[in-house]
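Q: Dropping the structure in here first, questions after.
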Amino acid sequence: MLTWKEVIGFSVNGNPTPDRRVEKTPAEWQAQLTPEQFRIARLKGTERPHSGALCSIYEAGKYNCVCCDTPLFDSTIKFESGTGWPSFTQPIKENAIKYEKDSSFGMVRVEVLCNTCDAHLGHVFPDGPEPSGLRYCINSESMQLEKQ
């Protein structure tokens, strides 16, 4: 189980090696994604709180990257955070997520990206439920639910 200390370590010292890499040009991504998916996943945008289709869905399944279909989160670790974005306590695998220091908007946060294709997912915070204490705050537009 990942801890905040490990997340910070990845953001400072480098990330785990992904199982595979997917790289495309911006034009290829734009042709594959909707305009909103492209804005959020490839241009590091954010959807409005409580607007994402996956916020209130709790069906069994895996949440995969909208760009490369890599499994990112499992429905069993999704929780209602009250923030307006889908929230998870852990990634599906340690090497599924990439962590980068984000100093935008006058604050320091940890951005989370798909470790396979570098799609922007959202941010992780140390205010989640036990036992990990982590809250991965993820844009719905960055994921697709593969129902089980």
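Naming scheme: A, B, ... for chains in displayed order of the structure tokens; residues 1 onward per chain; ligands 1 onward as shown.
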Could I get the residues of segment 45-125 of chain A with an atom no further than 10 Å from an atom of segment 26-36 of chain A, each paired with its nearest atom pair and that distance in Å to one decimal, using only C-alpha atoms, sorted by chain and residue number, as JSON lines?

A:
{"residue": "A:Gly45", "atom": "CA", "partner": "A:Glu36", "partner_atom": "CA", "distance": 8.7}
{"residue": "A:Thr46", "atom": "CA", "partner": "A:Glu36", "partner_atom": "CA", "distance": 9.5}
{"residue": "A:Glu47", "atom": "CA", "partner": "A:Glu36", "partner_atom": "CA", "distance": 8.5}
{"residue": "A:Val66", "atom": "CA", "partner": "A:Leu33", "partner_atom": "CA", "distance": 8.0}
{"residue": "A:Cys67", "atom": "CA", "partner": "A:Leu33", "partner_atom": "CA", "distance": 7.3}
{"residue": "A:Cys68", "atom": "CA", "partner": "A:Trp29", "partner_atom": "CA", "distance": 9.9}

Q: Restricting it to C-alpha atoms, dump the selection as a PDB file, in the first residue's frame.

A:
ATOM      1  CA  GLY A  45      -7.177  20.928 -17.707  1.00  0.00           C
ATOM      2  CA  THR A  46      -9.727  20.344 -14.950  1.00  0.00           C
ATOM      3  CA  GLU A  47     -13.437  19.652 -15.166  1.00  0.00           C
ATOM      4  CA  VAL A  66      -9.123   7.357 -21.560  1.00  0.00           C
ATOM      5  CA  CYS A  67      -6.058   7.753 -23.783  1.00  0.00           C
ATOM      6  CA  CYS A  68      -4.304   4.359 -23.646  1.00  0.00           C
TER       7      CYS A  68
END

Q: Leaving out segment 4-9 of chain A and any residue of its chain fewer than 3 positions from it, which residues lie within 10 Å of it when counting only C-alpha atoms, given as a list of chain:residue names?

A: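 Selected residues are A:Met1, A:Val12, A:Asn13, A:Gly14, A:Asn15, A:Glu94, A:Ile97, A:Lys98, A:Tyr99, A:Glu100, A:Lys101, A:Arg109, A:Val110, A:Val112, A:Val124, A:Phe125, A:Pro126, A:Asp127, A:Ser132, A:Gly133, A:Leu134, A:Arg135.
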
Q: If you run DSSP on the backbone here, which positions in segment 40-137 of chain A get helix (DSSP H, G or I)? Please write them as a list in words.

A: Ile40, Ala41, Arg42, Ser75, Thr76, Ile77, Glu94, Asn95, Ala96, Ser104, Phe105 and Gly106 of chain A

Q: For His120 of chain A, find every residue with an atom within 8 Å (counting only C-alpha atoms), except residues of its own chain fewer than 2 positions away, and show them as a PyMOL selection string.

A: chain A and resi 40-45+111-114+118+122+142

Q: Emit the selected residues as a short mmCIF file (atom, residue, chain, number, x, y, z; two decimals), in the first residue's frame, including all heavy atoms.

A:
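See selection.cif below for the written result:
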data_model
loop_
_atom_site.label_atom_id
_atom_site.label_comp_id
_atom_site.auth_asym_id
_atom_site.auth_seq_id
_atom_site.Cartn_x
_atom_site.Cartn_y
_atom_site.Cartn_z
N ILE A 40 -8.48 18.14 -21.01
CA ILE A 40 -8.13 17.72 -19.65
C ILE A 40 -6.94 16.77 -19.64
O ILE A 40 -5.96 17.01 -18.94
CB ILE A 40 -9.36 17.10 -18.97
CG1 ILE A 40 -10.39 18.20 -18.72
CG2 ILE A 40 -8.98 16.40 -17.67
CD1 ILE A 40 -11.74 17.72 -18.26
N ALA A 41 -7.00 15.70 -20.42
CA ALA A 41 -5.96 14.67 -20.36
C ALA A 41 -4.64 15.08 -21.01
O ALA A 41 -3.58 14.73 -20.51
CB ALA A 41 -6.46 13.38 -21.02
N ARG A 42 -4.70 15.84 -22.09
CA ARG A 42 -3.46 16.18 -22.80
C ARG A 42 -2.97 17.59 -22.51
O ARG A 42 -1.77 17.86 -22.60
CB ARG A 42 -3.63 16.01 -24.31
CG ARG A 42 -4.11 14.63 -24.78
CD ARG A 42 -3.47 13.41 -24.19
NE ARG A 42 -2.04 13.34 -24.16
CZ ARG A 42 -1.36 12.34 -23.62
NH1 ARG A 42 -1.99 11.32 -23.06
NH2 ARG A 42 -0.05 12.35 -23.61
N LEU A 43 -3.91 18.51 -22.15
CA LEU A 43 -3.50 19.90 -21.89
C LEU A 43 -3.56 20.26 -20.40
O LEU A 43 -3.46 21.43 -20.04
CB LEU A 43 -4.40 20.86 -22.70
CG LEU A 43 -4.38 20.67 -24.21
CD1 LEU A 43 -5.32 21.65 -24.88
CD2 LEU A 43 -2.96 20.80 -24.77
N LYS A 44 -3.75 19.26 -19.55
CA LYS A 44 -3.74 19.41 -18.09
C LYS A 44 -4.85 20.34 -17.58
O LYS A 44 -4.65 21.14 -16.68
CB LYS A 44 -2.37 19.88 -17.59
CG LYS A 44 -1.28 18.88 -17.93
CD LYS A 44 0.03 19.22 -17.27
CE LYS A 44 1.05 18.15 -17.63
NZ LYS A 44 2.14 18.10 -16.69
N GLY A 45 -6.02 20.17 -18.16
CA GLY A 45 -7.18 20.93 -17.71
C GLY A 45 -7.85 20.26 -16.51
O GLY A 45 -7.41 19.23 -16.02
N GLU A 111 0.76 16.31 -8.83
CA GLU A 111 -0.05 15.94 -9.99
C GLU A 111 0.09 14.44 -10.24
O GLU A 111 1.18 13.88 -10.06
CB GLU A 111 0.43 16.71 -11.22
CG GLU A 111 -0.32 16.36 -12.48
CD GLU A 111 0.26 17.01 -13.73
OE1 GLU A 111 1.34 17.64 -13.65
OE2 GLU A 111 -0.37 16.87 -14.79
N VAL A 112 -0.99 13.79 -10.65
CA VAL A 112 -0.93 12.38 -11.03
C VAL A 112 -1.24 12.27 -12.53
O VAL A 112 -2.14 12.94 -13.04
CB VAL A 112 -1.86 11.49 -10.18
CG1 VAL A 112 -1.33 11.37 -8.77
CG2 VAL A 112 -3.29 11.97 -10.16
N LEU A 113 -0.44 11.44 -13.18
CA LEU A 113 -0.58 11.20 -14.62
C LEU A 113 -0.58 9.71 -14.86
O LEU A 113 -0.08 8.92 -14.04
CB LEU A 113 0.59 11.83 -15.38
CG LEU A 113 0.80 13.31 -15.19
CD1 LEU A 113 1.94 13.57 -14.24
CD2 LEU A 113 1.06 13.99 -16.51
N CYS A 114 -1.11 9.30 -16.01
CA CYS A 114 -0.98 7.91 -16.42
C CYS A 114 0.50 7.66 -16.69
O CYS A 114 1.13 8.41 -17.44
CB CYS A 114 -1.82 7.66 -17.67
SG CYS A 114 -1.56 6.02 -18.37
N ASP A 118 1.33 9.45 -20.05
CA ASP A 118 1.47 10.81 -19.50
C ASP A 118 0.18 11.63 -19.55
O ASP A 118 0.23 12.86 -19.49
CB ASP A 118 2.60 11.59 -20.18
CG ASP A 118 3.96 10.94 -19.96
OD1 ASP A 118 4.13 10.24 -18.94
OD2 ASP A 118 4.84 11.12 -20.82
N GLY A 122 -5.23 14.15 -12.53
CA GLY A 122 -5.68 15.01 -11.44
C GLY A 122 -4.55 15.20 -10.45
O GLY A 122 -3.40 15.40 -10.85
N SER A 142 -10.72 11.93 -17.78
CA SER A 142 -9.44 11.25 -17.98
C SER A 142 -9.56 9.73 -17.91
O SER A 142 -8.56 9.04 -18.14
CB SER A 142 -8.43 11.72 -16.93
OG SER A 142 -8.16 13.08 -17.07
#

Q: DSSP on the backbone, then: every residue of segment 101-148 of chain A marked strand (DSSP E), written as a list in words.

A: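 Matching residues, listed in order: Lys101, Asp102, Arg109, Val110, Glu111, Val112, Leu113, Cys114, His120, Leu121, Gly122, His123, Val124, Phe125, Arg135, Tyr136, Cys137, Ile138, Met143, Gln144, Leu145, Glu146 and Lys147 of chain A.
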
Q: Limited to C-alpha atoms, could you put the picked residues into a file as a PDB file, in the first residue's frame?

A:
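After the write, selection.pdb holds the following:
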ATOM      1  CA  LYS A 101       5.396  18.278  -8.391  1.00  0.00           C
ATOM      2  CA  ASP A 102       2.822  20.916  -9.439  1.00  0.00           C
ATOM      3  CA  ARG A 109       0.547  19.851  -5.059  1.00  0.00           C
ATOM      4  CA  VAL A 110       1.336  16.438  -6.501  1.00  0.00           C
ATOM      5  CA  GLU A 111      -0.054  15.936  -9.989  1.00  0.00           C
ATOM      6  CA  VAL A 112      -0.929  12.382 -11.034  1.00  0.00           C
ATOM      7  CA  LEU A 113      -0.580  11.203 -14.616  1.00  0.00           C
ATOM      8  CA  CYS A 114      -0.984   7.907 -16.418  1.00  0.00           C
ATOM      9  CA  HIS A 120      -3.134  14.250 -16.870  1.00  0.00           C
ATOM     10  CA  LEU A 121      -5.474  12.592 -14.367  1.00  0.00           C
ATOM     11  CA  GLY A 122      -5.681  15.012 -11.438  1.00  0.00           C
ATOM     12  CA  HIS A 123      -3.877  15.301  -8.086  1.00  0.00           C
ATOM     13  CA  VAL A 124      -3.222  13.246  -4.959  1.00  0.00           C
ATOM     14  CA  PHE A 125      -3.584  14.612  -1.431  1.00  0.00           C
ATOM     15  CA  ARG A 135      -7.039  10.798  -1.833  1.00  0.00           C
ATOM     16  CA  TYR A 136      -6.492  10.542  -5.567  1.00  0.00           C
ATOM     17  CA  CYS A 137      -8.756  13.299  -6.944  1.00  0.00           C
ATOM     18  CA  ILE A 138      -9.293  12.374 -10.613  1.00  0.00           C
ATOM     19  CA  MET A 143     -10.925   7.804 -17.345  1.00  0.00           C
ATOM     20  CA  GLN A 144     -13.392   5.278 -18.693  1.00  0.00           C
ATOM     21  CA  LEU A 145     -15.111   2.643 -16.572  1.00  0.00           C
ATOM     22  CA  GLU A 146     -14.648  -0.947 -17.709  1.00  0.00           C
ATOM     23  CA  LYS A 147     -17.587  -2.602 -15.947  1.00  0.00           C
TER      24      LYS A 147
END

Q: Which of these residues is nearest to Pro86 of chain A, using only C-alpha atoms: A:Leu2, A:Val22, A:Ala119, A:Cys55?

A: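 The answer is A:Cys55, which sits nearest to Pro86 of chain A.
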
Q: Can you tell me, as a PyMOL selection string, what residues are no more than 8 Å from Gly52 of chain A when counting only C-alpha atoms, ignoring any on the same chain fewer than 2 positions away?

A: chain A and resi 47-50+54-55+85+139-141

Q: Keeping only N, CA and C atoms, take the residues you just selected and write them out as a PDB file, in the first residue's frame.

A:
ATOM      1  N   GLU A  47     -11.997  19.506 -14.988  1.00  0.00           N
ATOM      2  CA  GLU A  47     -13.437  19.652 -15.166  1.00  0.00           C
ATOM      3  C   GLU A  47     -14.038  20.347 -13.949  1.00  0.00           C
ATOM      4  N   ARG A  48     -15.179  20.971 -14.123  1.00  0.00           N
ATOM      5  CA  ARG A  48     -15.860  21.626 -13.006  1.00  0.00           C
ATOM      6  C   ARG A  48     -16.257  20.579 -11.966  1.00  0.00           C
ATOM      7  N   PRO A  49     -16.203  20.918 -10.667  1.00  0.00           N
ATOM      8  CA  PRO A  49     -16.621  19.960  -9.641  1.00  0.00           C
ATOM      9  C   PRO A  49     -18.073  19.528  -9.842  1.00  0.00           C
ATOM     10  N   HIS A  50     -18.334  18.273  -9.549  1.00  0.00           N
ATOM     11  CA  HIS A  50     -19.663  17.653  -9.616  1.00  0.00           C
ATOM     12  C   HIS A  50     -20.216  17.575 -11.036  1.00  0.00           C
ATOM     13  N   LEU A  54     -18.454  10.226 -13.973  1.00  0.00           N
ATOM     14  CA  LEU A  54     -18.036   9.127 -13.094  1.00  0.00           C
ATOM     15  C   LEU A  54     -18.067   9.488 -11.605  1.00  0.00           C
ATOM     16  N   CYS A  55     -18.481  10.707 -11.277  1.00  0.00           N
ATOM     17  CA  CYS A  55     -18.492  11.134  -9.865  1.00  0.00           C
ATOM     18  C   CYS A  55     -19.378  10.254  -8.985  1.00  0.00           C
ATOM     19  N   TRP A  85     -15.126  15.354  -7.453  1.00  0.00           N
ATOM     20  CA  TRP A  85     -14.385  14.549  -8.429  1.00  0.00           C
ATOM     21  C   TRP A  85     -14.317  13.113  -7.919  1.00  0.00           C
ATOM     22  N   ASN A 139     -10.079  13.513 -12.588  1.00  0.00           N
ATOM     23  CA  ASN A 139     -11.071  14.006 -13.546  1.00  0.00           C
ATOM     24  C   ASN A 139     -11.779  12.833 -14.226  1.00  0.00           C
ATOM     25  N   SER A 140     -13.099  12.885 -14.274  1.00  0.00           N
ATOM     26  CA  SER A 140     -13.869  11.844 -14.980  1.00  0.00           C
ATOM     27  C   SER A 140     -13.467  11.734 -16.443  1.00  0.00           C
ATOM     28  N   GLU A 141     -13.191  12.873 -17.065  1.00  0.00           N
ATOM     29  CA  GLU A 141     -12.860  12.878 -18.491  1.00  0.00           C
ATOM     30  C   GLU A 141     -11.533  12.177 -18.801  1.00  0.00           C
TER      31      GLU A 141
END

Q: Which residue gives the smallest distance to Ile92 of chain A among A:Phe73, A:Phe10, A:Phe105, A:Phe79, with only C-alpha atoms counted?

A: A:Phe73

Q: Rounded to one decimal in Å, what is the spacing between atom CA of Asp19 of chain A and atom CA of Ala53 of chain A?

A: 28.3 Å

Q: Rounded to one decimal in Å, what is the spacing between atom CA of Tyr63 of chain A and atom CA of Ser75 of chain A?

A: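 Distance reported for this atom pair: 7.2 Å.
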
Q: One decimal, in Å: what's the spacing between atom CA of Lys78 of chain A and atom CA of Gln90 of chain A?

A: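 So the two atoms, atom CA of Lys78 of chain A and atom CA of Gln90 of chain A, lie 8.6 Å apart.
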
Q: Select, from A:Thr70, A:Ser11, A:Ser56, A:Ser51, the residue with the minimum atom-to-atom distance to Cys117 of chain A, counting only C-alpha atoms.

A: A:Thr70
